[in-house]
Structures are given as structure tokens and as C-alpha cells.
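Notes for the one structure printed next.
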Amino acid sequence: MALGEFELIRRFFERPARRALLGVGDDCALLAAPTGGRALAVTTDMLVCGRHFLADAPAETVGHKALAVNLSDLAAMGAAPVGFTLAVALPEVDEQWLAGFAAGMFALADETGCELLGGDTTRGPLTLSITAFGEVPPERALRRDRALAEDDLWVSGALGGAALAVREALAGRMLPIGHPARIRMERPHPRVSLGLALRPLACAAIDISDGLLADLGHLCERSGLGAEINWPSVPVDATLAGCTVTERQRLALAGGDDYELLFTARASQRHAIEALPLRLGVPVTRIGRMSAKVGLRVTDGAGRLLEPDQRGFDHFR
């Protein structure tokens with residue numbers, strides 16, 4: 001017999017409440033209000049089958065990514081994850097797929113101390129929507145509008161691997177399971193620990209979902225500034241080694257789906273930031289600086305201006 005909606009929730013998503021006062025199973029979850037002057041950070045992301053993940057993607061990786069993209073937003077704000085809600089539309093009840101999806105989602109939830117608080121299920125095209133909640137001292141929030149002219153510009157990890165996997169999939173050349181670029185696409189690692197460590201060090205931050213230049217453009221717009229990037233300093237994913245220079249630039253600067261943190265900090269914080277990789281195991285690289293001159297400029301090793309694609313990903317373009 002096919003599972004009904006409430007049995008589906010009980011079997012795959014109901015868990016004992018941990019930090020929540022009341023979790024899955026009632027009309028609302030109950031969450032203790034932030035204390036000690038902290039603010040509640042809230043973010044929502046939707047993943048649509050065929051748009052954000054492939055129809056034949058392993059269910060476990062879909063569950064991981066659905067939560068990871070939300071936790072990446074919390075990390076970019078310097079917020080500690082607290083809980084999340086899940087709304088899911090399913091074309092049918094596939095118990096094996098649901099078990100894999102839940103396993104991937106809850107593994108990341110347990111790793112980051114973030115619990116499922118409730119949500120909704122319905123029949124429809126496979127669509128996943130998560131709203132995540134975190135806590136952050138408001139004066140330490142890594143807002144996009146707090147960058148300053150002459151700030152150093154930093155990025156975590158390496159860029160372009162996920163974009164390479166997306167390009168290959170769209171061309172009908174799906175990379176094999178286990179390929180590093182495919183792992184980057186299907187299992188992004190939200191930089192939660194880095195976001196927390198940056199609270200006293202960084203001025204502003206954003207996560208890279210639409211492409212380095214596109215997301216940097218959002219940060220610049222909110223701060224009323226421009227930026228200069230030194231292309232040779234940009235950490236390019238090793239999976240792009242076989243690409244041409246033009247392809248490497250396009251994938252690393254405009255590819256998107258990396259979910260790394262792009263952040264600014266005063267030059268006085270360089271030593272402290274350079275010490276973070278040893279403590280956190282997360283590489284960070286200084287790639288440029290913020291500028292009072294509006295606009296994005298990318299230069300080569302000799303200081304000459306380059307003209308890479310700055311558009312990034314846009315759902316409606």
C-alpha cells in the first residue's frame with residue numbers, strides 16, 4: 001500500500017526534538033527566542049528537479065545539497081545554524097528515494113547541529129524548499145553592505161569545479177560518480193565553521209552561488225563600492241587543468257554553484273585570516289581588494305585589464 005502524507009512524514013522525517021521546544025508533528029514548531037543580544041538569521045532556497053539537480057542524481061546527494069545551499073547562506077552571514085523547515089513536492093511516493101534523501105539531509109544536519117522543525121508535503125513536480133534559521137550577534141553579522149574601500153578581498157576553497165560538472169552534464173557528458181568536479185556540484189560543503197570564525201575578522205561576506213563576479217557585484221552594489229581582482233591569485237579548481245585559459249576564466253569567475261565564501265576584511269586582519277586554514281582545514285586566498293571606484297576590474301599578472309564574462313547564473317535570462 002502506498003504511504004499517505006502523514007505516515008510519510010513520520011517514517012522519513014520525524015525525529016525527537018533536540019534544541020527545539022517542539023519539533024515535527026504540530027501546527028508550528030516552537031523555538032526558544034535568541035538570547036544574549038543575538039539576532040535570528042532566516043534564509044530560504046528552493047531546488048527544482050531538472051533545474052538545480054538532475055533527475056537521476058543520487059537521492060542522498062539531493063538531500064545533502066538541499067540543506068547545504070541554505071547553510072551556506074547562514075555561513076555567509078556568520079550565523080550558527082539552529083534549525084530548518086522542509087517543504088517537498090513529490091510526483092509519487094518512492095520509499096527508496098525518500099530514505100536516501102533523508103539520509104543525506106540528516107547527515108549534514110547532524111554535522112552542523114541543525115534540526116528539522118517541520119514543513120509540508122504535497123504531490124507535484126519534484127521540488128524541495130528549505131527555510132533555515134541561525135543565530136548571530138547583530139553587530140557581528142557579515143552583511144553585504146559593510147564592506148569598506150581598500151578592504152582585502154578573500155575567497156575560500158577553489159572555484160570552477162562545480163561549473164565544469166554542470167557544463168558537462170548539459171552537454172550530455174555526465175561525469176562519473178566520484179569525479180571531483182561532480183562531487184563539487186552534488187555535494188557542496190557549506191563553510192559554517194569559517195563563517196563563525198570570520199565574525200570578529202571580516203567586514204562583509206556573500207556565498208558564491210551564481211559566480212564569483214556576479215556575487216561580488218551584489219556585494220559591491222550593497223556597499224556602494226567597486227572591486228579589483230588579480231586573476232592569477234584566484235584559486236582555480238584542479239579539475240579545470242585541461243581547460244583553455246578562456247574556459248578556466250569563465251568557469252572560475254562566472255560558473256557558479258561553488259558555495260564558497262567571498263569576504264572582505266581590513267588589511268590589519270591578514271595575519272589572523274591566514275592562520276584560519278591550519279585551524280579549520282578550509283583554504284582561504286586573498287584575490288584582490290575593494291575600491292572606492294565603482295565597477296569590477298579583473299587584471300592579469302602584469303596589471304592589464306581582462307574582460308571576462310561577469311553575468312553569472314540567472315534563472316530568468
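Going by the C-alpha cells order, chains are called A, B, ..., each with residues numbered from 1, while ligands are numbered from 1 in the order shown.
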**Request:** Identify all residues of range 64-230 of chain A in alpha helix (DSSP H) (DSSP on the backbone) and supply them as a VMD selection string.
**Result:** chain A and resid 64 to 77 95 to 112 161 to 170 180 to 186 192 to 197 212 to 223
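Non-sequential neighbours of range 170-187 of chain A (distance at most 6 Å, separation of 6 or more positions within a chain, only C-alpha atoms) are Thr61, Lys65, Gly161 and Ala162 of chain A.
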Generate a file of the selected residues that holds N, CA and C atoms, formatted as a PDB file, in the first residue's frame.
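Contents of part-v1.pdb, freshly written:
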ATOM      1  N   THR A  61      22.622  12.637  -2.408  1.00  0.00           N
ATOM      2  CA  THR A  61      23.268  13.908  -2.737  1.00  0.00           C
ATOM      3  C   THR A  61      22.247  15.029  -2.859  1.00  0.00           C
ATOM      4  N   LYS A  65      22.496  18.453  -0.729  1.00  0.00           N
ATOM      5  CA  LYS A  65      22.579  19.768  -1.358  1.00  0.00           C
ATOM      6  C   LYS A  65      21.411  20.668  -0.970  1.00  0.00           C
ATOM      7  N   GLY A 161      35.003  24.037 -10.276  1.00  0.00           N
ATOM      8  CA  GLY A 161      34.786  22.607 -10.419  1.00  0.00           C
ATOM      9  C   GLY A 161      33.330  22.245 -10.631  1.00  0.00           C
ATOM     10  N   ALA A 162      32.450  22.836  -9.817  1.00  0.00           N
ATOM     11  CA  ALA A 162      31.021  22.548  -9.962  1.00  0.00           C
ATOM     12  C   ALA A 162      30.517  23.009 -11.322  1.00  0.00           C
TER      13      ALA A 162
END
Using only C-alpha atoms, what table do you get, as JSON lines, when you list each residue of range 104-161 of chain A with an atom no more than 9 Å from range 90-98 of chain A, its nearest pair of atoms, and their distance in Å rounded to one decimal, rows by chain then rising number?
{"residue": "A:Thr121", "atom": "CA", "partner": "A:Leu90", "partner_atom": "CA", "distance": 7.6}
{"residue": "A:Thr122", "atom": "CA", "partner": "A:Leu90", "partner_atom": "CA", "distance": 6.4}
{"residue": "A:Arg123", "atom": "CA", "partner": "A:Leu90", "partner_atom": "CA", "distance": 4.9}
{"residue": "A:Gly124", "atom": "CA", "partner": "A:Pro91", "partner_atom": "CA", "distance": 4.8}
{"residue": "A:Pro125", "atom": "CA", "partner": "A:Pro91", "partner_atom": "CA", "distance": 5.3}
{"residue": "A:Leu126", "atom": "CA", "partner": "A:Leu90", "partner_atom": "CA", "distance": 4.8}
{"residue": "A:Thr127", "atom": "CA", "partner": "A:Leu90", "partner_atom": "CA", "distance": 7.0}
{"residue": "A:Leu128", "atom": "CA", "partner": "A:Leu90", "partner_atom": "CA", "distance": 8.8}
Expected file: the selected residues, C-alpha atoms, as a PDB file, in the first residue's frame:
ATOM      1  CA  THR A 121       4.428  17.694   1.644  1.00  0.00           C
ATOM      2  CA  THR A 122       2.282  17.637  -1.485  1.00  0.00           C
ATOM      3  CA  ARG A 123       2.033  15.902  -4.864  1.00  0.00           C
ATOM      4  CA  GLY A 124       3.620  17.678  -7.803  1.00  0.00           C
ATOM      5  CA  PRO A 125       6.824  18.026  -9.848  1.00  0.00           C
ATOM      6  CA  LEU A 126       9.808  17.183  -7.648  1.00  0.00           C
ATOM      7  CA  THR A 127      10.587  20.414  -5.801  1.00  0.00           C
ATOM      8  CA  LEU A 128      12.376  20.961  -2.496  1.00  0.00           C
TER       9      LEU A 128
END
**Asked** Which residues, written as a VMD selection string, have at least one atom at most 12 Å from range 234-250 of chain A, with only C-alpha atoms counted and residues fewer than 3 positions away on the same chain left out?
**Response** chain A and resid 153 to 165 167 175 179 to 184 211 to 214 228 to 231 253 to 256 258 260 262 283 to 288 298 to 301 306 to 313
**Message:** I need the residues of range 191-248 of chain A that end up classed as strand (DSSP E) by DSSP on the backbone, written out as a PyMOL selection string.
**Reply:** chain A and resi 204-207+226-230
**Asked** Using only C-alpha atoms, which residues sit within 6 Å of Ala39 in chain A once same-chain residues fewer than 4 positions away are excluded, as a PyMOL selection string?
**Response** chain A and resi 135-138
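Using only C-alpha atoms, the shortest contact distance between Ile208 in chain A and any of A:Glu14, A:Asp145, A:Ala75, A:Lys293 is found at A:Ala75.
The list of residues with at least one atom within 8 Å of His189 in chain A, based on only C-alpha atoms and without residues fewer than 3 positions apart in the same chain, reads A:Ala68, A:Ser72, A:Tyr259.
Here CA of Arg199 in chain A and CA of Ala149 in chain A stand 18.9 Å from one another.
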Near-Glu221 in chain A list (12 Å; only C-alpha atoms; drop same-chain fewer than 2 positions) as a PDB file with C-alpha atoms, in the first residue's frame:
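Output contents, as saved in result_31.pdb:
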ATOM      1  CA  ARG A 144      26.856  42.682   2.306  1.00  0.00           C
ATOM      2  CA  ASP A 145      26.610  46.416   2.971  1.00  0.00           C
ATOM      3  CA  ARG A 146      29.533  46.627   5.399  1.00  0.00           C
ATOM      4  CA  ALA A 147      32.495  46.353   3.023  1.00  0.00           C
ATOM      5  CA  ALA A 214      28.176  38.141 -10.218  1.00  0.00           C
ATOM      6  CA  ASP A 215      28.065  37.669  -6.449  1.00  0.00           C
ATOM      7  CA  LEU A 216      30.878  40.159  -5.908  1.00  0.00           C
ATOM      8  CA  GLY A 217      28.767  42.579  -7.934  1.00  0.00           C
ATOM      9  CA  HIS A 218      25.918  42.126  -5.434  1.00  0.00           C
ATOM     10  CA  LEU A 219      28.266  42.863  -2.530  1.00  0.00           C
ATOM     11  CA  SER A 223      28.269  48.599  -0.164  1.00  0.00           C
ATOM     12  CA  GLY A 224      28.417  51.297  -2.846  1.00  0.00           C
ATOM     13  CA  LEU A 225      31.922  50.234  -3.892  1.00  0.00           C
ATOM     14  CA  GLY A 226      33.880  48.628  -6.690  1.00  0.00           C
ATOM     15  CA  ALA A 227      36.468  45.857  -6.628  1.00  0.00           C
ATOM     16  CA  MET A 290      37.630  46.666  -2.611  1.00  0.00           C
ATOM     17  CA  SER A 291      37.781  50.085  -4.245  1.00  0.00           C
ATOM     18  CA  ALA A 292      36.030  53.418  -3.905  1.00  0.00           C
ATOM     19  CA  LYS A 293      35.872  53.423  -7.725  1.00  0.00           C
ATOM     20  CA  VAL A 294      32.605  51.731  -8.735  1.00  0.00           C
ATOM     21  CA  GLY A 295      32.823  48.760 -11.103  1.00  0.00           C
ATOM     22  CA  LEU A 296      34.546  45.373 -11.240  1.00  0.00           C
TER      23      LEU A 296
END
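Residue nearest Asp257 in chain A, chosen from A:Pro190, A:Gly78, A:Pro232, A:Pro200 and counting only C-alpha atoms: A:Pro190.
Using only C-alpha atoms for every distance, the candidate list A:Pro81, A:Asp151, A:Leu194, A:Arg38 yields A:Arg38 as the residue closest to Glu139 in chain A.
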**Neighbour list for Ala272 in chain A as a ChimeraX atom specification, cut-off 10 Å, only C-alpha atoms, skip fewer than 4 positions in-chain** = /A:198,201,268,276
Could you dump the residues just selected with N, CA and C atoms as a short mmCIF file (atom, residue, chain, number, x, y, z; two decimals), in the first residue's frame?
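File produced: again_6.cif:
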data_model
loop_
_atom_site.label_atom_id
_atom_site.label_comp_id
_atom_site.auth_asym_id
_atom_site.auth_seq_id
_atom_site.Cartn_x
_atom_site.Cartn_y
_atom_site.Cartn_z
N LEU A 198 34.94 34.07 11.09
CA LEU A 198 35.12 35.39 10.47
C LEU A 198 34.37 36.50 11.19
N LEU A 201 36.62 39.11 12.35
CA LEU A 201 37.70 39.43 11.42
C LEU A 201 37.24 40.11 10.15
N SER A 268 44.69 44.92 8.26
CA SER A 268 45.22 44.60 9.59
C SER A 268 44.85 43.19 10.05
N LEU A 276 43.72 30.85 9.59
CA LEU A 276 42.48 30.06 9.66
C LEU A 276 42.58 28.69 8.99
#
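With only C-alpha atoms as the atoms that count, the residue of A:Asp110, A:Met77, A:Ala265, A:Arg10 with the shortest distance to Gly195 in chain A is A:Met77.
With CA of Val69 in chain A on one side and CA of Leu86 in chain A on the other, the separation reads 13.1 Å.
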